[in-house]
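Q: Just so it is clear, I am handing over upload.pdb, which has PDB, C-alpha atoms and all ligand atoms.
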ATOM      1  CA  MET S   1      14.131  -2.423 -14.649
ATOM      2  CA  ILE S   2      13.701   0.420 -12.195
ATOM      3  CA  GLY S   3      10.981   1.275  -9.689
ATOM      4  CA  LEU S   4      10.389   4.008  -7.134
ATOM      5  CA  THR S   5       7.928   4.639  -4.347
ATOM      6  CA  PHE S   6       7.029   7.427  -1.919
ATOM      7  CA  ASP S   7       5.431   6.902   1.506
ATOM      8  CA  GLY S   8       4.810  10.523   2.418
ATOM      9  CA  ASN S   9       8.227  10.966   4.029
ATOM     10  CA  LEU S  10      10.719   8.891   2.141
ATOM     11  CA  LEU S  11      11.497   8.182  -1.507
ATOM     12  CA  THR S  12      12.888   4.704  -2.182
ATOM     13  CA  ALA S  13      14.086   3.481  -5.577
ATOM     14  CA  ALA S  14      15.696   0.307  -6.840
ATOM     15  CA  THR S  15      17.085  -1.110 -10.037
ATOM     16  CA  LEU S  16      16.232  -4.746 -10.669
ATOM     17  CA  THR S  17      17.170  -7.613 -12.915
ATOM     18  CA  ASP S  18      14.540  -8.775 -15.425
ATOM     19  CA  GLY S  19      13.808 -11.591 -12.961
ATOM     20  CA  GLY S  20      12.962  -9.077 -10.231
ATOM     21  CA  GLU S  21      16.077  -9.332  -8.075
ATOM     22  CA  ILE S  22      17.222  -6.072  -6.538
ATOM     23  CA  PHE S  23      20.426  -4.866  -8.147
ATOM     24  CA  ALA S  24      20.856  -1.538  -6.342
ATOM     25  CA  GLN S  25      18.630   0.395  -3.956
ATOM     26  CA  ALA S  26      18.702   3.926  -2.549
ATOM     27  CA  GLU S  27      16.475   6.196  -0.512
ATOM     28  CA  GLN S  28      16.137   9.884   0.163
ATOM     29  CA  PRO S  29      13.945  12.032   2.441
ATOM     30  CA  ALA S  30      11.216  13.811   0.493
ATOM     31  CA  PRO S  31      10.149  17.418   1.070
ATOM     32  CA  GLY S  32       6.633  17.658   2.441
ATOM     33  CA  ASN S  33       4.992  20.481   0.535
ATOM     34  CA  ASP S  34       6.982  21.843  -2.377
ATOM     35  CA  TYR S  35       6.271  19.951  -5.607
ATOM     36  CA  ARG S  36       9.335  21.350  -7.388
ATOM     37  CA  GLU S  37      11.562  20.255  -4.487
ATOM     38  CA  TRP S  38       9.871  16.861  -4.581
ATOM     39  CA  LEU S  39      10.735  16.479  -8.294
ATOM     40  CA  LEU S  40      14.337  17.508  -7.575
ATOM     41  CA  SER S  41      14.565  14.876  -4.810
ATOM     42  CA  VAL S  42      13.309  12.191  -7.208
ATOM     43  CA  SER S  43      15.886  13.325  -9.774
ATOM     44  CA  ALA S  44      18.713  13.153  -7.235
ATOM     45  CA  LEU S  45      17.632   9.679  -6.169
ATOM     46  CA  ILE S  46      17.433   8.347  -9.727
ATOM     47  CA  ASP S  47      20.782   9.972 -10.547
ATOM     48  CA  SER S  48      22.322   8.008  -7.671
ATOM     49  CA  LEU S  49      21.270   4.795  -9.478
ATOM     50  CA  ARG S  50      22.243   5.863 -13.017
ATOM     51  CA  ASP S  51      25.231   3.515 -13.102
ATOM     52  CA  SER S  52      22.910   0.516 -12.814
ATOM     53  CA  LEU S  53      20.405   1.730 -15.433
ATOM     54  CA  SER S  54      20.187   0.678 -19.045
ATOM     55  CA  ASN S  55      19.145   3.235 -21.639
ATOM     56  CA  THR S  56      15.968   1.281 -22.407
ATOM     57  CA  ASP S  57      14.702   1.347 -18.812
ATOM     58  CA  ARG S  58      11.341   2.884 -18.081
ATOM     59  CA  LEU S  59      10.811   4.136 -14.529
ATOM     60  CA  GLY S  60       7.802   2.686 -12.708
ATOM     61  CA  VAL S  61       6.540   4.929  -9.917
ATOM     62  CA  ALA S  62       4.238   3.603  -7.176
ATOM     63  CA  LEU S  63       2.399   6.537  -5.623
ATOM     64  CA  PRO S  64       0.160   6.723  -2.548
ATOM     65  CA  ALA S  65      -2.671   7.914  -4.729
ATOM     66  CA  ILE S  66      -5.497   7.044  -7.064
ATOM     67  CA  ILE S  67      -4.125   7.332 -10.566
ATOM     68  CA  HIS S  68      -6.476   8.028 -13.433
ATOM     69  CA  ASP S  69      -5.419   8.709 -17.012
ATOM     70  CA  GLY S  70      -1.773   8.854 -15.937
ATOM     71  CA  ALA S  71      -2.353  11.597 -13.357
ATOM     72  CA  VAL S  72      -2.972  11.754  -9.617
ATOM     73  CA  SER S  73      -6.658  12.267  -8.899
ATOM     74  CA  PHE S  74      -6.662  11.701  -5.102
ATOM     75  CA  SER S  75      -3.805  11.469  -2.619
ATOM     76  CA  PRO S  76      -3.394  12.162   1.095
ATOM     77  CA  TYR S  77      -0.175  14.009   0.224
ATOM     78  CA  SER S  78      -0.804  17.474  -1.102
ATOM     79  CA  VAL S  79       2.738  17.667  -2.487
ATOM     80  CA  LEU S  80       1.562  15.338  -5.257
ATOM     81  CA  GLY S  81      -1.261  17.752  -6.042
ATOM     82  CA  THR S  82      -2.995  17.111  -9.311
ATOM     83  CA  ALA S  83      -0.001  18.003 -11.459
ATOM     84  CA  ASN S  84       0.889  15.794 -14.396
ATOM     85  CA  ILE S  85       3.609  13.972 -12.474
ATOM     86  CA  ARG S  86       4.316  11.578 -15.296
ATOM     87  CA  ARG S  87       5.059  14.353 -17.769
ATOM     88  CA  ASP S  88       7.037  16.368 -15.204
ATOM     89  CA  LEU S  89       9.134  13.378 -14.160
ATOM     90  CA  GLN S  90       9.823  12.445 -17.770
ATOM     91  CA  SER S  91      11.168  15.895 -18.518
ATOM     92  CA  ALA S  92      13.133  16.058 -15.243
ATOM     93  CA  LEU S  93      14.701  12.615 -15.676
ATOM     94  CA  GLY S  94      14.982  12.343 -19.447
ATOM     95  CA  MET S  95      13.514   8.849 -19.432
ATOM     96  CA  PRO S  96      10.062   7.317 -19.941
ATOM     97  CA  VAL S  97       7.970   7.099 -16.781
ATOM     98  CA  SER S  98       4.811   5.177 -15.846
ATOM     99  CA  ILE S  99       2.879   5.898 -12.679
ATOM    100  CA  PHE S 100       0.625   3.574 -10.711
ATOM    101  CA  GLY S 101      -1.089   3.359  -7.335
ATOM    102  CA  ILE S 102       0.767   1.564  -4.528
ATOM    103  CA  GLY S 103      -2.028  -1.003  -4.082
ATOM    104  CA  GLY S 104      -1.932  -1.922  -7.776
ATOM    105  CA  CYS S 105       1.844  -2.377  -7.638
ATOM    106  CA  LEU S 106       1.540  -4.625  -4.577
ATOM    107  CA  VAL S 107      -0.955  -6.953  -6.236
ATOM    108  CA  ALA S 108       0.897  -6.896  -9.588
ATOM    109  CA  ASP S 109       4.078  -8.025  -7.855
ATOM    110  CA  ALA S 110       2.199 -10.816  -6.068
ATOM    111  CA  CYS S 111       0.790 -12.006  -9.420
ATOM    112  CA  LEU S 112       4.234 -12.118 -11.004
ATOM    113  CA  MET S 113       6.487 -13.263  -8.170
ATOM    114  CA  GLY S 114       4.461 -13.722  -5.008
ATOM    115  CA  ALA S 115       1.487 -15.471  -3.509
ATOM    116  CA  ALA S 116      -0.980 -14.620  -6.290
ATOM    117  CA  GLN S 117       0.853 -16.369  -9.130
ATOM    118  CA  ASP S 118      -1.847 -19.012  -9.500
ATOM    119  CA  ALA S 119      -4.765 -16.808  -8.456
ATOM    120  CA  ASN S 120      -7.598 -15.871 -10.770
ATOM    121  CA  LEU S 121      -8.798 -12.981  -8.613
ATOM    122  CA  ALA S 122      -6.402 -11.228  -6.255
ATOM    123  CA  VAL S 123      -6.773  -8.191  -4.013
ATOM    124  CA  GLY S 124      -3.895  -6.158  -2.615
ATOM    125  CA  MET S 125      -4.111  -4.354   0.722
ATOM    126  CA  TRP S 126      -1.279  -1.984   1.508
ATOM    127  CA  ILE S 127      -1.264  -0.644   5.083
ATOM    128  CA  GLY S 128       1.362   1.997   5.747
ATOM    129  CA  ASN S 129       1.484   5.728   6.449
ATOM    130  CA  SER S 130      -1.510   5.723   4.134
ATOM    131  CA  SER S 131      -3.441   2.683   2.939
ATOM    132  CA  HIS S 132      -4.206   1.540  -0.604
ATOM    133  CA  GLY S 133      -5.903  -1.227  -2.560
ATOM    134  CA  GLY S 134      -5.352  -3.050  -5.825
ATOM    135  CA  LEU S 135      -7.161  -5.677  -7.872
ATOM    136  CA  ALA S 136      -5.925  -8.186 -10.434
ATOM    137  CA  LEU S 137      -7.764 -10.683 -12.615
ATOM    138  CA  ALA S 138      -5.858 -13.563 -14.228
ATOM    139  CA  GLY S 139      -2.579 -11.800 -13.496
ATOM    140  CA  ARG S 140      -3.609  -8.482 -15.019
ATOM    141  CA  LEU S 141      -4.096  -5.316 -13.041
ATOM    142  CA  ILE S 142      -7.684  -4.033 -13.060
ATOM    143  CA  THR S 143      -7.857  -0.306 -12.371
ATOM    144  CA  GLY S 144     -11.583   0.346 -12.856
ATOM    145  CA  ALA S 145     -13.507   3.239 -14.347
ATOM    146  CA  HIS S 146     -11.791   5.836 -12.130
ATOM    147  CA  GLY S 147      -8.517   4.095 -11.273
ATOM    148  CA  ALA S 148     -10.093   3.322  -7.905
ATOM    149  CA  ALA S 149     -10.737  -0.437  -8.100
ATOM    150  CA  ALA S 150     -10.438  -2.067  -4.652
ATOM    151  CA  ASN S 151     -10.179   1.309  -2.936
ATOM    152  CA  TRP S 152     -11.056  -0.425   0.342
ATOM    153  CA  PRO S 153      -9.427   2.157   2.671
ATOM    154  CA  HIS S 154     -12.288   4.555   2.016
ATOM    155  CA  LEU S 155     -15.094   2.138   2.757
ATOM    156  CA  GLN S 156     -16.651   2.659   6.145
ATOM    157  CA  LEU S 157     -15.463   0.353   8.935
ATOM    158  CA  PRO S 158     -17.924  -2.584   8.756
ATOM    159  CA  ALA S 159     -19.955  -3.687  11.807
ATOM    160  CA  PRO S 160     -18.623  -0.872  14.012
ATOM    161  CA  LEU S 161     -18.704  -1.150  17.796
ATOM    162  CA  PRO S 162     -20.148   1.836  19.698
ATOM    163  CA  GLN S 163     -16.670   3.127  20.617
ATOM    164  CA  GLU S 164     -15.641   2.956  16.959
ATOM    165  CA  LEU S 165     -18.319   5.448  15.953
ATOM    166  CA  ASP S 166     -16.131   8.318  17.098
ATOM    167  CA  GLY S 167     -16.257  10.316  13.892
ATOM    168  CA  ARG S 168     -12.617   9.972  12.934
ATOM    169  CA  LYS S 169     -11.882  12.385  10.127
ATOM    170  CA  CYS S 170     -10.276  10.944   7.027
ATOM    171  CA  TRP S 171      -8.105  12.952   4.646
ATOM    172  CA  CYS S 172     -10.634  12.125   1.900
ATOM    173  CA  GLY S 173     -13.187  14.421   3.547
ATOM    174  CA  ARG S 174     -15.421  11.763   5.072
ATOM    175  CA  SER S 175     -15.259  10.197   8.505
ATOM    176  CA  GLY S 176     -15.058   6.629   9.775
ATOM    177  CA  CYS S 177     -13.132   5.324   6.753
ATOM    178  CA  LEU S 178     -11.167   2.091   7.195
ATOM    179  CA  GLU S 179      -7.936   4.019   6.644
ATOM    180  CA  THR S 180      -8.502   5.975   9.865
ATOM    181  CA  PHE S 181      -8.272   2.628  11.710
ATOM    182  CA  LEU S 182      -6.097   0.504   9.413
ATOM    183  CA  SER S 183      -3.009   2.637   8.856
ATOM    184  CA  VAL S 184       0.147   3.366  10.823
ATOM    185  CA  SER S 185      -1.312   6.663  12.062
ATOM    186  CA  GLY S 186      -4.616   4.908  12.889
ATOM    187  CA  LEU S 187      -2.792   2.406  15.098
ATOM    188  CA  GLU S 188      -0.655   5.100  16.737
ATOM    189  CA  GLY S 189      -3.725   7.282  17.296
ATOM    190  CA  ASP S 190      -5.527   4.386  19.020
ATOM    191  CA  TYR S 191      -2.607   3.908  21.361
ATOM    192  CA  GLU S 192      -2.442   7.613  22.166
ATOM    193  CA  ARG S 193      -6.204   7.829  22.828
ATOM    194  CA  VAL S 194      -6.017   4.962  25.333
ATOM    195  CA  THR S 195      -2.732   5.780  27.101
ATOM    196  CA  GLY S 196      -2.327   9.534  26.557
ATOM    197  CA  GLU S 197       1.144   8.750  25.223
ATOM    198  CA  TRP S 198       2.352   8.665  21.624
ATOM    199  CA  ARG S 199       4.513   5.747  20.483
ATOM    200  CA  ASP S 200       5.332   4.728  16.963
ATOM    201  CA  ALA S 201       3.758   1.613  15.468
ATOM    202  CA  GLY S 202       6.974  -0.416  15.752
ATOM    203  CA  GLU S 203       7.267   0.380  19.459
ATOM    204  CA  ILE S 204       3.611  -0.552  20.049
ATOM    205  CA  ALA S 205       4.108  -3.873  18.261
ATOM    206  CA  ALA S 206       7.307  -4.590  20.218
ATOM    207  CA  ALA S 207       5.562  -3.725  23.504
ATOM    208  CA  ALA S 208       2.722  -6.132  22.651
ATOM    209  CA  VAL S 209       5.222  -8.929  21.985
ATOM    210  CA  ASN S 210       6.895  -8.174  25.319
ATOM    211  CA  GLY S 211       3.674  -8.618  27.281
ATOM    212  CA  ASP S 212       2.342  -5.036  27.460
ATOM    213  CA  ILE S 213      -1.387  -5.724  27.900
ATOM    214  CA  VAL S 214      -2.529  -2.308  26.683
ATOM    215  CA  ALA S 215      -0.377  -2.452  23.538
ATOM    216  CA  ASP S 216      -1.588  -5.986  22.868
ATOM    217  CA  SER S 217      -5.245  -4.926  23.225
ATOM    218  CA  ILE S 218      -4.640  -2.116  20.701
ATOM    219  CA  ILE S 219      -3.105  -4.610  18.265
ATOM    220  CA  GLN S 220      -6.018  -7.011  18.831
ATOM    221  CA  ALA S 221      -8.523  -4.259  18.007
ATOM    222  CA  PHE S 222      -6.516  -3.527  14.837
ATOM    223  CA  GLU S 223      -6.635  -7.216  13.918
ATOM    224  CA  ASP S 224     -10.378  -7.435  14.480
ATOM    225  CA  ARG S 225     -10.931  -4.406  12.234
ATOM    226  CA  LEU S 226      -8.692  -5.924   9.582
ATOM    227  CA  GLY S 227     -10.719  -9.120   9.923
ATOM    228  CA  ARG S 228     -13.908  -7.184   9.195
ATOM    229  CA  ALA S 229     -12.302  -5.313   6.287
ATOM    230  CA  THR S 230     -10.998  -8.492   4.641
ATOM    231  CA  ALA S 231     -14.333 -10.272   5.245
ATOM    232  CA  THR S 232     -16.077  -7.418   3.418
ATOM    233  CA  LEU S 233     -13.747  -7.856   0.449
ATOM    234  CA  ILE S 234     -14.480 -11.596   0.441
ATOM    235  CA  SER S 235     -18.234 -10.961   0.523
ATOM    236  CA  LEU S 236     -18.006  -8.437  -2.292
ATOM    237  CA  ILE S 237     -15.581  -9.980  -4.757
ATOM    238  CA  ASP S 238     -14.693 -13.435  -3.370
ATOM    239  CA  PRO S 239     -10.973 -13.348  -4.276
ATOM    240  CA  ASP S 240      -8.696 -16.379  -4.353
ATOM    241  CA  VAL S 241      -6.078 -14.462  -2.419
ATOM    242  CA  ILE S 242      -5.764 -11.274  -0.425
ATOM    243  CA  VAL S 243      -2.191  -9.975  -0.404
ATOM    244  CA  LEU S 244      -1.322  -7.925   2.637
ATOM    245  CA  GLY S 245       1.710  -5.666   2.633
ATOM    246  CA  GLY S 246       2.897  -2.676   4.548
ATOM    247  CA  ALA S 247       5.405  -1.039   6.756
ATOM    248  CA  GLY S 248       5.733  -1.861  10.448
ATOM    249  CA  LEU S 249       3.124  -4.644  10.448
ATOM    250  CA  GLN S 250       3.613  -7.995  12.168
ATOM    251  CA  LEU S 251       2.723  -9.846   9.004
ATOM    252  CA  ASP S 252       3.220 -13.381  10.330
ATOM    253  CA  ARG S 253       0.842 -12.733  13.224
ATOM    254  CA  LEU S 254      -1.748 -11.156  10.901
ATOM    255  CA  GLN S 255      -1.524 -14.039   8.419
ATOM    256  CA  GLU S 256      -2.276 -16.468  11.223
ATOM    257  CA  ARG S 257      -4.988 -14.522  13.026
ATOM    258  CA  ILE S 258      -7.038 -12.680  10.415
ATOM    259  CA  PRO S 259      -8.602 -15.714   8.634
ATOM    260  CA  ARG S 260      -9.888 -16.887  12.033
ATOM    261  CA  LYS S 261     -12.090 -13.782  12.123
ATOM    262  CA  TRP S 262     -13.808 -14.520   8.830
ATOM    263  CA  PRO S 263     -16.446 -17.109   9.892
ATOM    264  CA  GLY S 264     -18.158 -14.452  12.008
ATOM    265  CA  TYR S 265     -18.444 -12.009   9.130
ATOM    266  CA  VAL S 266     -18.811 -13.927   5.875
ATOM    267  CA  GLN S 267     -21.524 -16.240   4.623
ATOM    268  CA  ILE S 268     -19.057 -18.877   3.447
ATOM    269  CA  ASP S 269     -18.559 -21.787   5.857
ATOM    270  CA  ARG S 270     -14.962 -22.614   5.009
ATOM    271  CA  SER S 271     -13.278 -19.815   3.165
ATOM    272  CA  ALA S 272     -11.064 -20.872   0.294
ATOM    273  CA  THR S 273      -9.643 -17.365   0.163
ATOM    274  CA  ARG S 274      -6.021 -17.238   1.258
ATOM    275  CA  LEU S 275      -4.485 -14.384   3.179
ATOM    276  CA  ALA S 276      -0.920 -13.982   1.965
ATOM    277  CA  THR S 277       1.701 -11.515   3.052
ATOM    278  CA  ALA S 278       4.161  -9.563   0.936
ATOM    279  CA  LYS S 279       7.291  -9.187   3.028
ATOM    280  CA  GLY S 280      10.124  -6.728   2.602
ATOM    281  CA  GLY S 281       8.403  -3.417   3.347
ATOM    282  CA  VAL S 282       8.285  -1.290   0.189
ATOM    283  CA  THR S 283      10.340  -3.736  -1.908
ATOM    284  CA  PRO S 284       7.346  -5.614  -3.410
ATOM    285  CA  VAL S 285       5.724  -2.294  -4.312
ATOM    286  CA  ILE S 286       8.873  -1.009  -6.055
ATOM    287  CA  ARG S 287       9.233  -4.324  -7.884
ATOM    288  CA  GLY S 288       5.565  -4.247  -8.941
ATOM    289  CA  ALA S 289       5.983  -0.711 -10.291
ATOM    290  CA  ALA S 290       9.092  -1.771 -12.207
ATOM    291  CA  PHE S 291       7.294  -4.804 -13.708
ATOM    292  CA  LEU S 292       4.237  -2.765 -14.680
ATOM    293  CA  ALA S 293       6.404  -0.048 -16.264
ATOM    294  CA  ALA S 294       8.360  -2.642 -18.238
ATOM    295  CA  GLU S 295       5.048  -3.878 -19.705
ATOM    296  CA  ASP S 296       3.742  -0.357 -20.338
ATOM    297  CA  THR S 297       4.180   0.779 -23.903
ATOM    298  CA  GLY S 298       1.996   3.893 -23.581
TER
HETATM  299 ZN    ZN E 301     -11.489   8.248   3.535
END
Can you present the structure in this file as structure tokens?
Ligand SMILES: [Zn+2]
A:
Amino acid sequence: MIGLTFDGNLLTAATLTDGGEIFAQAEQPAPGNDYREWLLSVSALIDSLRDSLSNTDRLGVALPAIIHDGAVSFSPYSVLGTANIRRDLQSALGMPVSIFGIGGCLVADACLMGAAQDANLAVGMWIGNSSHGGLALAGRLITGAHGAAANWPHLQLPAPLPQELDGRKCWCGRSGCLETFLSVSGLEGDYERVTGEWRDAGEIAAAAVNGDIVADSIIQAFEDRLGRATATLISLIDPDVIVLGGAGLQLDRLQERIPRKWPGYVQIDRSATRLATAKGGVTPVIRGAAFLAAEDTG
């Protein structure tokens, strides 16, 4: 199996055994604006893994986008445009390709190998350079009428505090979306607004661990917002498990702290919903894309 993902800056691909173990992995910087250059970068990356490919492999691509009818309909990255990426990648690579949203790949992986294996209803929340959702029922990915099932990042932040009504512009054209708070750039922007200094999300998290009170208060605000976001998902669809994944997040801390926020925001006294984390950065997303592609016969 083979999967690939793109986070806005970097392309990462891996070949995997049928059981989902990584066989070989490679990454490559991606050009920001030129679609043709982007396709060439994907080709170079896949070529670097050719030795570990079988001729029956179908490439699964996890994109930071809403995918509808095999094409990108919305993405924060204009390089993806609305071109028929699947068709273009197939002709560039000479192999069958399936494309999916990152959130769908995250939850699909959790259903097959992770914390959602026994779940009836599972929601995926990917928080990275951009944020994405996915939904699965009885182990099967549900994409919805527009490919936008569980598109939580573009709900408004629930129960906003006065200082949170600051009209943050979202790439989707609206303002106040959850993604403007619950993303790497949302966290970094919060830190910069408070301190006047830009630091990357990893540095902010490390500073919080090392006793920096300002950094810790920024992380606590992030956690409270994530608590409200997850509580909204529980109120709306009451999942058995919420699978949280992403880059640069302190997943252990979130897994411990977020469920404590729920009693204040949901009607259920003792939530049976589990918050699970998908560790390994983009690896679960790549694996989910590879699994979904292997099942795709379209
Ligand atoms: Zn939005």
Q: Please identify every polymer residue within 12 Å of ligand ZN 301 (chain E), using all atoms listed in the file, and present the set as a PyMOL selection string.
A: chain S and resi 74-76+130-132+151-157+167-183
Q: Enter the distance from CA of Leu11 (chain S) to CA of Leu89 (chain S), in Å, rounded to one decimal.
A: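 Distance between the two atoms: 13.9 Å.
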Q: Since I can't run it myself right now, could you work out what the PyMOL selection byres (((chain S and resi 278) around 7) and not hetatm) selects here and report it as a ChimeraX atom specification?
A: /S:243-245,276-277,279-280,284
Q: Just write the chosen residues, C-alpha atoms, as a PDB file, in the coordinates of the input.
A:
ATOM      1  CA  VAL S 243      -2.191  -9.975  -0.404  1.00  0.00           C
ATOM      2  CA  LEU S 244      -1.322  -7.925   2.637  1.00  0.00           C
ATOM      3  CA  GLY S 245       1.710  -5.666   2.633  1.00  0.00           C
ATOM      4  CA  ALA S 276      -0.920 -13.982   1.965  1.00  0.00           C
ATOM      5  CA  THR S 277       1.701 -11.515   3.052  1.00  0.00           C
ATOM      6  CA  LYS S 279       7.291  -9.187   3.028  1.00  0.00           C
ATOM      7  CA  GLY S 280      10.124  -6.728   2.602  1.00  0.00           C
ATOM      8  CA  PRO S 284       7.346  -5.614  -3.410  1.00  0.00           C
TER       9      PRO S 284
END
Q: Which residues, written as a list of chain:residue names, have at least one atom at most 9 Å from Lys261 (chain S), with only C-alpha atoms counted and residues fewer than 5 positions away on the same chain left out?
A: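 Near neighbours after the sequence-gap exclusion: S:Glu223, S:Asp224, S:Leu226, S:Gly227, S:Arg228, S:Ala231.
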Q: Taking the file as shown, what set of residues would the PyMOL selection byres (((chain S and resi 95-98) around 8) and not hetatm) give back, as JSON, numbers by chain?
A: {"S": [57, 58, 59, 60, 61, 70, 86, 87, 89, 90, 91, 93, 94, 99, 100, 293, 296]}
Q: Quick one: write out the picked residues with C-alpha atoms as a PDB file, in the coordinates of the input?
A:
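See part-v3.pdb below for the written result:
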ATOM      1  CA  ASP S  57      14.702   1.347 -18.812  1.00  0.00           C
ATOM      2  CA  ARG S  58      11.341   2.884 -18.081  1.00  0.00           C
ATOM      3  CA  LEU S  59      10.811   4.136 -14.529  1.00  0.00           C
ATOM      4  CA  GLY S  60       7.802   2.686 -12.708  1.00  0.00           C
ATOM      5  CA  VAL S  61       6.540   4.929  -9.917  1.00  0.00           C
ATOM      6  CA  GLY S  70      -1.773   8.854 -15.937  1.00  0.00           C
ATOM      7  CA  ARG S  86       4.316  11.578 -15.296  1.00  0.00           C
ATOM      8  CA  ARG S  87       5.059  14.353 -17.769  1.00  0.00           C
ATOM      9  CA  LEU S  89       9.134  13.378 -14.160  1.00  0.00           C
ATOM     10  CA  GLN S  90       9.823  12.445 -17.770  1.00  0.00           C
ATOM     11  CA  SER S  91      11.168  15.895 -18.518  1.00  0.00           C
ATOM     12  CA  LEU S  93      14.701  12.615 -15.676  1.00  0.00           C
ATOM     13  CA  GLY S  94      14.982  12.343 -19.447  1.00  0.00           C
ATOM     14  CA  ILE S  99       2.879   5.898 -12.679  1.00  0.00           C
ATOM     15  CA  PHE S 100       0.625   3.574 -10.711  1.00  0.00           C
ATOM     16  CA  ALA S 293       6.404  -0.048 -16.264  1.00  0.00           C
ATOM     17  CA  ASP S 296       3.742  -0.357 -20.338  1.00  0.00           C
TER      18      ASP S 296
END
Q: Hey, could you pull the box centre and edge lengths for region 157-165 of chain S, axis-aligned, 8 Å padding per side, all listed atoms, to one decimal in Å, as lines of an AutoDock Vina configuration file?
A:
center_x = -17.8
center_y = 0.9
center_z = 14.7
size_x = 20.7
size_y = 25.1
size_z = 27.9
